[in-house]
Amino acid sequence: MILDLFKLDQKVAIVTGANTGLGQKMCVALAEAGCKVCGVARRSCDETKSLIKEGYFSEVIADLSDLSNADYVVDMAIKQFGRVDILVNNAGIIKREDAINVKMEDFDQVLTVNLKMPFLLSQACAKHFIDSGKGGKIINIASMLAYQGGVRVVSYTASKHAIMGMTKALANEWSQYNINVNAIAPGYMATNNTQALRDDEKRSQEILDRIPAGRWGLNDDVMGAVLYLASDASNYVNGETINVDGGWMAR
């Protein structure tokens, strides 16, 4: 049965940025498909845990701006659930500032969280996947700003362009080990990162006018995409980025 390909029974996933927003909903989607989820965040994931069946969620509190935590996160997931099969690099930060005024420490912090940590987590999980002989799935969260330049978000844009490129590069090297590396590029979603845009009535309307679907994306809208890329249904999908954007890139 085709639906069996989407089942994640006996699988274990790491999801970063699991305490709220898109990360929270991706945790719920994976768990509802039978996956055990290790949620990673700087703060408590109690709300996420309350949405998931008992025994299918565990949290790791970690600051992902500290690159030394990459191995710790993967080791804790293995300690809690015995293995890792899926990694979702969702956590990210954005700092809005005119490019002429951007401070290098702020630029570096964005690239550390949005690019360097996803690479180190991917590397650590890939080693585990190869050692297990069973392969695995890596899903990076990109953005519409992986395609476009944006305004006042130069470090975020740089990080998301790099995430898309890194997705392709890792797929080239690791597909031979039965490791699928792909990405999801959410459109303009109603999350904390877009609160300032949504509060600006003029800017918000300009964005809505360009989205064929006529609305901001919801956290629920990414659930199907992450389940597909985490499941056996996508076993021959490598180095791709799925846009979940209401048609933004089609216009």
# chains A, B, ... in the order shown; residues from 1 in each chain; ligands from 1

$ residues_around --residues "Val37 (chain A)" --least-positions-apart "3" --cutoff "8 Å" --atoms "only C-alpha atoms" --output "list of chain:residue names"
A:Val12, A:Ala13, A:Ile14, A:Val15, A:Cys27, A:Leu30, A:Ala31, A:Tyr56, A:Phe57, A:Ser58

$ write_last_selection --atoms "C-alpha atoms" --output "PDB file, in the first residue's frame"
ATOM      1  CA  VAL A  12      13.808   8.448  15.489  1.00  0.00           C
ATOM      2  CA  ALA A  13      14.074  12.108  14.496  1.00  0.00           C
ATOM      3  CA  ILE A  14      15.965  15.122  15.787  1.00  0.00           C
ATOM      4  CA  VAL A  15      14.126  18.406  15.207  1.00  0.00           C
ATOM      5  CA  CYS A  27       7.499  17.376  15.570  1.00  0.00           C
ATOM      6  CA  LEU A  30       6.526  13.085  12.553  1.00  0.00           C
ATOM      7  CA  ALA A  31       5.174  11.708  15.828  1.00  0.00           C
ATOM      8  CA  TYR A  56       7.138   9.694  21.549  1.00  0.00           C
ATOM      9  CA  PHE A  57       8.834  12.961  22.500  1.00  0.00           C
ATOM     10  CA  SER A  58      11.884  13.904  24.489  1.00  0.00           C
TER      11      SER A  58
END

$ residues_around --residues "region 202-215 of chain A" --least-positions-apart "3" --cutoff "8 Å" --atoms "only C-alpha atoms" --output "list of chain:residue names"
A:Tyr188, A:Leu197, A:Arg198, A:Asp199, A:Asp245, A:Gly246, A:Gly247, A:Trp248, A:Arg251

$ write_last_selection --atoms "N, CA and C atoms" --output "mmCIF file, in the first residue's frame"
data_model
loop_
_atom_site.group_PDB
_atom_site.id
_atom_site.type_symbol
_atom_site.label_atom_id
_atom_site.label_comp_id
_atom_site.auth_asym_id
_atom_site.auth_seq_id
_atom_site.Cartn_x
_atom_site.Cartn_y
_atom_site.Cartn_z
ATOM 1 N N TYR A 188 6.077 32.980 3.094
ATOM 2 C CA TYR A 188 5.832 33.943 4.168
ATOM 3 C C TYR A 188 4.838 33.323 5.152
ATOM 4 N N LEU A 197 6.821 42.073 10.108
ATOM 5 C CA LEU A 197 6.244 42.286 8.780
ATOM 6 C C LEU A 197 4.718 42.283 8.835
ATOM 7 N N ARG A 198 4.164 41.364 9.598
ATOM 8 C CA ARG A 198 2.709 41.266 9.676
ATOM 9 C C ARG A 198 2.102 42.449 10.431
ATOM 10 N N ASP A 199 2.889 43.028 11.339
ATOM 11 C CA ASP A 199 2.414 44.191 12.086
ATOM 12 C C ASP A 199 2.463 45.473 11.247
ATOM 13 N N ASP A 245 4.918 27.690 -0.278
ATOM 14 C CA ASP A 245 4.900 29.153 -0.345
ATOM 15 C C ASP A 245 3.605 29.758 -0.860
ATOM 16 N N GLY A 246 2.567 28.956 -1.014
ATOM 17 C CA GLY A 246 1.309 29.501 -1.506
ATOM 18 C C GLY A 246 1.366 30.004 -2.937
ATOM 19 N N GLY A 247 2.449 29.621 -3.652
ATOM 20 C CA GLY A 247 2.609 30.037 -5.033
ATOM 21 C C GLY A 247 3.487 31.260 -5.222
ATOM 22 N N TRP A 248 4.127 31.736 -4.145
ATOM 23 C CA TRP A 248 4.972 32.946 -4.208
ATOM 24 C C TRP A 248 5.988 32.879 -5.345
ATOM 25 N N ARG A 251 4.853 33.266 -9.134
ATOM 26 C CA ARG A 251 4.356 34.542 -9.682
ATOM 27 C C ARG A 251 5.495 35.320 -10.314
#

$ residues_around --residues "Ala126 (chain A)" --least-positions-apart "6" --cutoff "8 Å" --atoms "only C-alpha atoms" --output "ChimeraX atom specification"
/A:135-136,174,179

$ atom_distance --atom1 "CA of Gly17 (chain A)" --atom2 "CA of Leu64 (chain A)"
9.2 Å

$ atom_distance --atom1 "CA of Leu121 (chain A)" --atom2 "CA of Ala62 (chain A)"
12.6 Å

$ closest_residue --among "A:Met164, A:Ala124, A:Leu170, A:Val153" --to "Asp98 (chain A)" --atoms "only C-alpha atoms"
A:Val153

$ closest_residue --among "A:Ala190, A:Leu87, A:Ile78, A:Ala169" --to "Ser231 (chain A)" --atoms "only C-alpha atoms"
A:Leu87

$ atom_distance --atom1 "CA of Gly217 (chain A)" --atom2 "CA of Gly187 (chain A)"
6.7 Å

$ select_by_dssp --residues "region 49-104 of chain A" --states "strand (DSSP E)" --output "PyMOL selection string"
chain A and resi 57-61+86-89

$ select_by_dssp --residues "region 24-108 of chain A" --states "helix (DSSP H, G or I)" --output "PyMOL selection string"
chain A and resi 24-32+46-50+69-81+99-101+104-108

$ write_last_selection --atoms "N, CA and C atoms" --output "tab-separated table (two decimals), in the first residue's frame"
chain	number	residue	atom	x	y	z
A	24	GLN	N	7.61	23.04	16.02
A	24	GLN	CA	6.63	22.33	16.84
A	24	GLN	C	5.70	21.49	15.97
A	25	LYS	N	5.19	22.07	14.90
A	25	LYS	CA	4.27	21.34	14.03
A	25	LYS	C	4.96	20.19	13.30
A	26	MET	N	6.23	20.36	12.96
A	26	MET	CA	6.96	19.26	12.32
A	26	MET	C	7.16	18.11	13.29
A	27	CYS	N	7.41	18.43	14.55
A	27	CYS	CA	7.50	17.38	15.57
A	27	CYS	C	6.19	16.60	15.66
A	28	VAL	N	5.09	17.32	15.66
A	28	VAL	CA	3.77	16.68	15.75
A	28	VAL	C	3.53	15.79	14.53
A	29	ALA	N	3.86	16.29	13.35
A	29	ALA	CA	3.64	15.51	12.13
A	29	ALA	C	4.43	14.21	12.16
A	30	LEU	N	5.68	14.28	12.52
A	30	LEU	CA	6.53	13.09	12.55
A	30	LEU	C	6.03	12.09	13.60
A	31	ALA	N	5.65	12.60	14.76
A	31	ALA	CA	5.17	11.71	15.83
A	31	ALA	C	3.86	11.04	15.45
A	32	GLU	N	2.98	11.77	14.80
A	32	GLU	CA	1.70	11.19	14.39
A	32	GLU	C	1.89	10.10	13.34
A	46	ASP	N	7.81	21.92	26.62
A	46	ASP	CA	6.65	21.32	27.29
A	46	ASP	C	5.38	21.42	26.45
A	47	GLU	N	5.19	22.55	25.77
A	47	GLU	CA	3.98	22.70	24.95
A	47	GLU	C	3.98	21.70	23.82
A	48	THR	N	5.12	21.54	23.17
A	48	THR	CA	5.23	20.56	22.08
A	48	THR	C	4.96	19.15	22.61
A	49	LYS	N	5.56	18.84	23.75
A	49	LYS	CA	5.38	17.52	24.36
A	49	LYS	C	3.91	17.23	24.64
A	50	SER	N	3.16	18.26	25.03
A	50	SER	CA	1.74	18.08	25.37
A	50	SER	C	0.90	17.72	24.15
A	69	ASN	N	27.92	22.12	20.84
A	69	ASN	CA	26.74	21.36	21.23
A	69	ASN	C	26.26	20.39	20.15
A	70	ALA	N	26.85	20.43	18.97
A	70	ALA	CA	26.37	19.56	17.88
A	70	ALA	C	26.46	18.09	18.26
A	71	ASP	N	27.63	17.65	18.66
A	71	ASP	CA	27.79	16.24	19.04
A	71	ASP	C	26.95	15.90	20.26
A	72	TYR	N	26.83	16.86	21.18
A	72	TYR	CA	26.02	16.64	22.39
A	72	TYR	C	24.57	16.34	22.02
A	73	VAL	N	24.01	17.11	21.10
A	73	VAL	CA	22.62	16.91	20.68
A	73	VAL	C	22.42	15.52	20.11
A	74	VAL	N	23.29	15.12	19.20
A	74	VAL	CA	23.15	13.80	18.57
A	74	VAL	C	23.36	12.69	19.59
A	75	ASP	N	24.35	12.85	20.45
A	75	ASP	CA	24.61	11.84	21.48
A	75	ASP	C	23.42	11.69	22.42
A	76	MET	N	22.79	12.80	22.79
A	76	MET	CA	21.63	12.74	23.69
A	76	MET	C	20.45	12.06	23.02
A	77	ALA	N	20.24	12.32	21.74
A	77	ALA	CA	19.14	11.66	21.03
A	77	ALA	C	19.35	10.16	20.99
A	78	ILE	N	20.58	9.74	20.73
A	78	ILE	CA	20.89	8.31	20.70
A	78	ILE	C	20.73	7.71	22.09
A	79	LYS	N	21.14	8.45	23.11
A	79	LYS	CA	21.00	7.96	24.49
A	79	LYS	C	19.53	7.80	24.85
A	80	GLN	N	18.69	8.72	24.42
A	80	GLN	CA	17.27	8.69	24.80
A	80	GLN	C	16.48	7.65	24.01
A	81	PHE	N	16.78	7.50	22.71
A	81	PHE	CA	15.97	6.62	21.88
A	81	PHE	C	16.74	5.51	21.17
A	99	ALA	N	22.00	46.99	5.62
A	99	ALA	CA	23.28	46.32	5.38
A	99	ALA	C	24.46	47.22	5.72
A	100	ILE	N	24.30	48.52	5.49
A	100	ILE	CA	25.39	49.46	5.74
A	100	ILE	C	25.77	49.52	7.22
A	101	ASN	N	24.84	49.12	8.09
A	101	ASN	CA	25.05	49.22	9.53
A	101	ASN	C	25.25	47.88	10.24
A	104	MET	N	29.60	42.90	12.44
A	104	MET	CA	30.10	41.58	12.09
A	104	MET	C	29.72	40.52	13.12
A	105	GLU	N	29.64	40.90	14.39
A	105	GLU	CA	29.26	39.91	15.41
A	105	GLU	C	27.82	39.43	15.20
A	106	ASP	N	26.94	40.33	14.73
A	106	ASP	CA	25.57	39.92	14.44
A	106	ASP	C	25.50	39.05	13.18
A	107	PHE	N	26.28	39.44	12.18
A	107	PHE	CA	26.35	38.65	10.94
A	107	PHE	C	26.83	37.24	11.25
A	108	ASP	N	27.88	37.14	12.05
A	108	ASP	CA	28.45	35.85	12.40
A	108	ASP	C	27.48	35.00	13.21

$ closest_residue --among "A:Ala233, A:Asn192, A:Ala41, A:Ile61" --to "Met1 (chain A)" --atoms "only C-alpha atoms"
A:Ala233

$ residues_around --residues "Leu229 (chain A)" --least-positions-apart "3" --cutoff "9 Å" --atoms "only C-alpha atoms" --output "list in words"
Lys137, Ile138, Ile139, Asn180, Val181, Asn182, Ala183, Ile184, Gly224, Ala225, Val226, Asp232, Ala233, Ser234, Asn235 and Val237 of chain A

$ write_last_selection --atoms "N, CA and C atoms" --output "mmCIF file, in the first residue's frame"
data_model
loop_
_atom_site.group_PDB
_atom_site.id
_atom_site.type_symbol
_atom_site.label_atom_id
_atom_site.label_comp_id
_atom_site.auth_asym_id
_atom_site.auth_seq_id
_atom_site.Cartn_x
_atom_site.Cartn_y
_atom_site.Cartn_z
ATOM 1 N N LYS A 137 17.752 10.362 6.744
ATOM 2 C CA LYS A 137 17.160 11.525 6.068
ATOM 3 C C LYS A 137 17.617 12.796 6.767
ATOM 4 N N ILE A 138 18.069 13.765 5.978
ATOM 5 C CA ILE A 138 18.404 15.085 6.493
ATOM 6 C C ILE A 138 17.537 16.098 5.760
ATOM 7 N N ILE A 139 16.836 16.919 6.533
ATOM 8 C CA ILE A 139 15.920 17.911 5.972
ATOM 9 C C ILE A 139 16.318 19.281 6.504
ATOM 10 N N ASN A 180 19.424 10.661 2.242
ATOM 11 C CA ASN A 180 18.738 11.664 1.427
ATOM 12 C C ASN A 180 18.860 13.024 2.110
ATOM 13 N N VAL A 181 19.408 13.987 1.398
ATOM 14 C CA VAL A 181 19.515 15.353 1.921
ATOM 15 C C VAL A 181 18.668 16.263 1.046
ATOM 16 N N ASN A 182 17.649 16.859 1.628
ATOM 17 C CA ASN A 182 16.737 17.735 0.914
ATOM 18 C C ASN A 182 16.379 18.926 1.799
ATOM 19 N N ALA A 183 15.590 19.821 1.266
ATOM 20 C CA ALA A 183 15.224 21.024 2.019
ATOM 21 C C ALA A 183 13.771 21.400 1.774
ATOM 22 N N ILE A 184 13.243 22.173 2.695
ATOM 23 C CA ILE A 184 11.927 22.795 2.560
ATOM 24 C C ILE A 184 12.138 24.304 2.627
ATOM 25 N N GLY A 224 2.942 18.241 5.893
ATOM 26 C CA GLY A 224 2.969 17.244 4.824
ATOM 27 C C GLY A 224 4.329 17.147 4.159
ATOM 28 N N ALA A 225 4.965 18.296 3.952
ATOM 29 C CA ALA A 225 6.272 18.295 3.284
ATOM 30 C C ALA A 225 7.332 17.600 4.121
ATOM 31 N N VAL A 226 7.344 17.866 5.416
ATOM 32 C CA VAL A 226 8.373 17.240 6.248
ATOM 33 C C VAL A 226 8.133 15.742 6.366
ATOM 34 N N ASP A 232 9.904 6.955 3.479
ATOM 35 C CA ASP A 232 10.390 6.168 2.343
ATOM 36 C C ASP A 232 9.769 6.605 1.023
ATOM 37 N N ALA A 233 8.712 7.409 1.083
ATOM 38 C CA ALA A 233 8.079 7.886 -0.144
ATOM 39 C C ALA A 233 9.013 8.785 -0.952
ATOM 40 N N SER A 234 10.054 9.319 -0.301
ATOM 41 C CA SER A 234 10.982 10.231 -0.990
ATOM 42 C C SER A 234 12.365 9.624 -1.171
ATOM 43 N N ASN A 235 12.450 8.310 -1.197
ATOM 44 C CA ASN A 235 13.762 7.649 -1.225
ATOM 45 C C ASN A 235 14.609 7.969 -2.454
ATOM 46 N N VAL A 237 14.558 11.019 -3.925
ATOM 47 C CA VAL A 237 14.593 12.485 -3.991
ATOM 48 C C VAL A 237 15.859 12.943 -3.284
#

$ closest_residue --among "A:Gln195, A:Gln10, A:Asn89, A:Thr157" --to "Lys116 (chain A)" --atoms "only C-alpha atoms"
A:Asn89

$ decode --residues "region 33-169 of chain A" --atoms "C-alpha atoms" --output "PDB file, in the first residue's frame"
ATOM      1  CA  ALA A  33       3.337   9.089  11.660  1.00  0.00           C
ATOM      2  CA  GLY A  34       4.868   6.841  14.324  1.00  0.00           C
ATOM      3  CA  CYS A  35       8.266   8.497  14.780  1.00  0.00           C
ATOM      4  CA  LYS A  36       9.897   9.160  18.124  1.00  0.00           C
ATOM      5  CA  VAL A  37      11.099  12.749  18.238  1.00  0.00           C
ATOM      6  CA  CYS A  38      13.964  14.377  20.069  1.00  0.00           C
ATOM      7  CA  GLY A  39      13.134  18.083  20.137  1.00  0.00           C
ATOM      8  CA  VAL A  40      15.972  20.569  20.551  1.00  0.00           C
ATOM      9  CA  ALA A  41      15.542  24.132  21.787  1.00  0.00           C
ATOM     10  CA  ARG A  42      17.025  26.744  24.094  1.00  0.00           C
ATOM     11  CA  ARG A  43      13.866  26.712  26.193  1.00  0.00           C
ATOM     12  CA  SER A  44      11.430  24.107  27.436  1.00  0.00           C
ATOM     13  CA  CYS A  45       9.481  22.095  24.849  1.00  0.00           C
ATOM     14  CA  ASP A  46       6.650  21.321  27.291  1.00  0.00           C
ATOM     15  CA  GLU A  47       3.983  22.700  24.954  1.00  0.00           C
ATOM     16  CA  THR A  48       5.226  20.558  22.084  1.00  0.00           C
ATOM     17  CA  LYS A  49       5.384  17.516  24.355  1.00  0.00           C
ATOM     18  CA  SER A  50       1.743  18.082  25.371  1.00  0.00           C
ATOM     19  CA  LEU A  51       0.682  17.709  21.715  1.00  0.00           C
ATOM     20  CA  ILE A  52       2.389  14.343  21.237  1.00  0.00           C
ATOM     21  CA  LYS A  53       1.528  10.872  22.454  1.00  0.00           C
ATOM     22  CA  GLU A  54       3.355   9.872  25.633  1.00  0.00           C
ATOM     23  CA  GLY A  55       6.675   8.180  25.010  1.00  0.00           C
ATOM     24  CA  TYR A  56       7.138   9.694  21.549  1.00  0.00           C
ATOM     25  CA  PHE A  57       8.834  12.961  22.500  1.00  0.00           C
ATOM     26  CA  SER A  58      11.884  13.904  24.489  1.00  0.00           C
ATOM     27  CA  GLU A  59      13.669  17.232  24.682  1.00  0.00           C
ATOM     28  CA  VAL A  60      17.268  18.365  24.659  1.00  0.00           C
ATOM     29  CA  ILE A  61      17.909  21.866  25.937  1.00  0.00           C
ATOM     30  CA  ALA A  62      20.851  23.292  24.008  1.00  0.00           C
ATOM     31  CA  ASP A  63      22.114  26.641  22.757  1.00  0.00           C
ATOM     32  CA  LEU A  64      22.653  26.125  19.034  1.00  0.00           C
ATOM     33  CA  SER A  65      24.857  29.206  18.804  1.00  0.00           C
ATOM     34  CA  ASP A  66      27.472  27.121  20.659  1.00  0.00           C
ATOM     35  CA  LEU A  67      28.939  24.874  17.980  1.00  0.00           C
ATOM     36  CA  SER A  68      30.330  22.470  20.579  1.00  0.00           C
ATOM     37  CA  ASN A  69      26.736  21.358  21.232  1.00  0.00           C
ATOM     38  CA  ALA A  70      26.366  19.563  17.881  1.00  0.00           C
ATOM     39  CA  ASP A  71      27.795  16.245  19.037  1.00  0.00           C
ATOM     40  CA  TYR A  72      26.017  16.636  22.387  1.00  0.00           C
ATOM     41  CA  VAL A  73      22.616  16.912  20.684  1.00  0.00           C
ATOM     42  CA  VAL A  74      23.145  13.800  18.568  1.00  0.00           C
ATOM     43  CA  ASP A  75      24.613  11.837  21.482  1.00  0.00           C
ATOM     44  CA  MET A  76      21.634  12.741  23.691  1.00  0.00           C
ATOM     45  CA  ALA A  77      19.141  11.662  21.031  1.00  0.00           C
ATOM     46  CA  ILE A  78      20.888   8.306  20.704  1.00  0.00           C
ATOM     47  CA  LYS A  79      20.997   7.964  24.490  1.00  0.00           C
ATOM     48  CA  GLN A  80      17.274   8.693  24.795  1.00  0.00           C
ATOM     49  CA  PHE A  81      15.966   6.624  21.875  1.00  0.00           C
ATOM     50  CA  GLY A  82      18.831   4.346  20.868  1.00  0.00           C
ATOM     51  CA  ARG A  83      19.346   5.654  17.331  1.00  0.00           C
ATOM     52  CA  VAL A  84      18.706   8.524  14.909  1.00  0.00           C
ATOM     53  CA  ASP A  85      17.167   8.145  11.452  1.00  0.00           C
ATOM     54  CA  ILE A  86      16.034  11.675  10.598  1.00  0.00           C
ATOM     55  CA  LEU A  87      17.468  15.146  11.180  1.00  0.00           C
ATOM     56  CA  VAL A  88      15.421  18.313  10.663  1.00  0.00           C
ATOM     57  CA  ASN A  89      17.587  21.442  10.767  1.00  0.00           C
ATOM     58  CA  ASN A  90      14.839  23.931  11.542  1.00  0.00           C
ATOM     59  CA  ALA A  91      16.239  26.326  14.167  1.00  0.00           C
ATOM     60  CA  GLY A  92      17.195  29.728  12.858  1.00  0.00           C
ATOM     61  CA  ILE A  93      17.490  33.387  13.785  1.00  0.00           C
ATOM     62  CA  ILE A  94      17.068  36.623  11.854  1.00  0.00           C
ATOM     63  CA  LYS A  95      18.485  40.076  12.566  1.00  0.00           C
ATOM     64  CA  ARG A  96      16.989  42.980  10.633  1.00  0.00           C
ATOM     65  CA  GLU A  97      19.264  45.915   9.902  1.00  0.00           C
ATOM     66  CA  ASP A  98      20.313  48.070   6.977  1.00  0.00           C
ATOM     67  CA  ALA A  99      23.280  46.320   5.384  1.00  0.00           C
ATOM     68  CA  ILE A 100      25.392  49.459   5.741  1.00  0.00           C
ATOM     69  CA  ASN A 101      25.046  49.224   9.533  1.00  0.00           C
ATOM     70  CA  VAL A 102      25.347  45.453  10.114  1.00  0.00           C
ATOM     71  CA  LYS A 103      27.866  44.535  12.802  1.00  0.00           C
ATOM     72  CA  MET A 104      30.096  41.577  12.087  1.00  0.00           C
ATOM     73  CA  GLU A 105      29.255  39.909  15.408  1.00  0.00           C
ATOM     74  CA  ASP A 106      25.568  39.924  14.437  1.00  0.00           C
ATOM     75  CA  PHE A 107      26.345  38.648  10.939  1.00  0.00           C
ATOM     76  CA  ASP A 108      28.449  35.846  12.400  1.00  0.00           C
ATOM     77  CA  GLN A 109      25.792  34.872  14.939  1.00  0.00           C
ATOM     78  CA  VAL A 110      23.179  34.402  12.216  1.00  0.00           C
ATOM     79  CA  LEU A 111      25.523  32.270  10.105  1.00  0.00           C
ATOM     80  CA  THR A 112      26.532  30.227  13.146  1.00  0.00           C
ATOM     81  CA  VAL A 113      22.955  29.258  14.022  1.00  0.00           C
ATOM     82  CA  ASN A 114      21.525  29.089  10.501  1.00  0.00           C
ATOM     83  CA  LEU A 115      24.417  27.460   8.623  1.00  0.00           C
ATOM     84  CA  LYS A 116      27.346  26.233  10.690  1.00  0.00           C
ATOM     85  CA  MET A 117      25.272  24.344  13.269  1.00  0.00           C
ATOM     86  CA  PRO A 118      23.089  22.641  10.607  1.00  0.00           C
ATOM     87  CA  PHE A 119      26.267  21.502   8.867  1.00  0.00           C
ATOM     88  CA  LEU A 120      27.792  20.112  12.067  1.00  0.00           C
ATOM     89  CA  LEU A 121      24.552  18.354  13.026  1.00  0.00           C
ATOM     90  CA  SER A 122      24.293  16.935   9.504  1.00  0.00           C
ATOM     91  CA  GLN A 123      27.893  15.738   9.672  1.00  0.00           C
ATOM     92  CA  ALA A 124      27.377  14.077  13.060  1.00  0.00           C
ATOM     93  CA  CYS A 125      24.163  12.383  11.935  1.00  0.00           C
ATOM     94  CA  ALA A 126      25.679  11.278   8.625  1.00  0.00           C
ATOM     95  CA  LYS A 127      28.479   9.513  10.496  1.00  0.00           C
ATOM     96  CA  HIS A 128      25.851   7.735  12.595  1.00  0.00           C
ATOM     97  CA  PHE A 129      23.796   6.852   9.502  1.00  0.00           C
ATOM     98  CA  ILE A 130      26.839   5.416   7.724  1.00  0.00           C
ATOM     99  CA  ASP A 131      27.951   3.440  10.765  1.00  0.00           C
ATOM    100  CA  SER A 132      24.457   1.976  11.120  1.00  0.00           C
ATOM    101  CA  GLY A 133      24.478   0.851   7.488  1.00  0.00           C
ATOM    102  CA  LYS A 134      20.836   1.923   7.181  1.00  0.00           C
ATOM    103  CA  GLY A 135      21.165   5.455   5.844  1.00  0.00           C
ATOM    104  CA  GLY A 136      18.921   8.283   6.932  1.00  0.00           C
ATOM    105  CA  LYS A 137      17.160  11.525   6.068  1.00  0.00           C
ATOM    106  CA  ILE A 138      18.404  15.085   6.493  1.00  0.00           C
ATOM    107  CA  ILE A 139      15.920  17.911   5.972  1.00  0.00           C
ATOM    108  CA  ASN A 140      17.131  21.510   5.995  1.00  0.00           C
ATOM    109  CA  ILE A 141      14.774  24.437   6.363  1.00  0.00           C
ATOM    110  CA  ALA A 142      15.541  27.082   3.759  1.00  0.00           C
ATOM    111  CA  SER A 143      13.404  30.114   2.891  1.00  0.00           C
ATOM    112  CA  MET A 144      12.109  32.216   0.010  1.00  0.00           C
ATOM    113  CA  LEU A 145      15.280  34.200   0.720  1.00  0.00           C
ATOM    114  CA  ALA A 146      17.251  31.239  -0.559  1.00  0.00           C
ATOM    115  CA  TYR A 147      16.110  32.523  -3.980  1.00  0.00           C
ATOM    116  CA  GLN A 148      15.755  36.265  -3.416  1.00  0.00           C
ATOM    117  CA  GLY A 149      17.700  39.065  -1.770  1.00  0.00           C
ATOM    118  CA  GLY A 150      15.203  40.577   0.600  1.00  0.00           C
ATOM    119  CA  VAL A 151      15.673  43.903   2.379  1.00  0.00           C
ATOM    120  CA  ARG A 152      17.503  44.536   5.677  1.00  0.00           C
ATOM    121  CA  VAL A 153      18.250  40.815   6.167  1.00  0.00           C
ATOM    122  CA  VAL A 154      21.627  40.361   4.474  1.00  0.00           C
ATOM    123  CA  SER A 155      22.986  37.798   6.959  1.00  0.00           C
ATOM    124  CA  TYR A 156      19.773  35.743   6.935  1.00  0.00           C
ATOM    125  CA  THR A 157      19.660  35.816   3.127  1.00  0.00           C
ATOM    126  CA  ALA A 158      23.297  34.710   2.933  1.00  0.00           C
ATOM    127  CA  SER A 159      22.617  31.838   5.318  1.00  0.00           C
ATOM    128  CA  LYS A 160      19.566  30.587   3.424  1.00  0.00           C
ATOM    129  CA  HIS A 161      21.254  30.754   0.021  1.00  0.00           C
ATOM    130  CA  ALA A 162      24.051  28.728   1.602  1.00  0.00           C
ATOM    131  CA  ILE A 163      21.617  26.201   3.095  1.00  0.00           C
ATOM    132  CA  MET A 164      20.211  25.447  -0.353  1.00  0.00           C
ATOM    133  CA  GLY A 165      23.695  25.048  -1.806  1.00  0.00           C
ATOM    134  CA  MET A 166      24.827  22.905   1.103  1.00  0.00           C
ATOM    135  CA  THR A 167      21.769  20.677   0.635  1.00  0.00           C
ATOM    136  CA  LYS A 168      22.855  19.944  -2.934  1.00  0.00           C
ATOM    137  CA  ALA A 169      26.513  19.447  -2.020  1.00  0.00           C
TER     138      ALA A 169
END
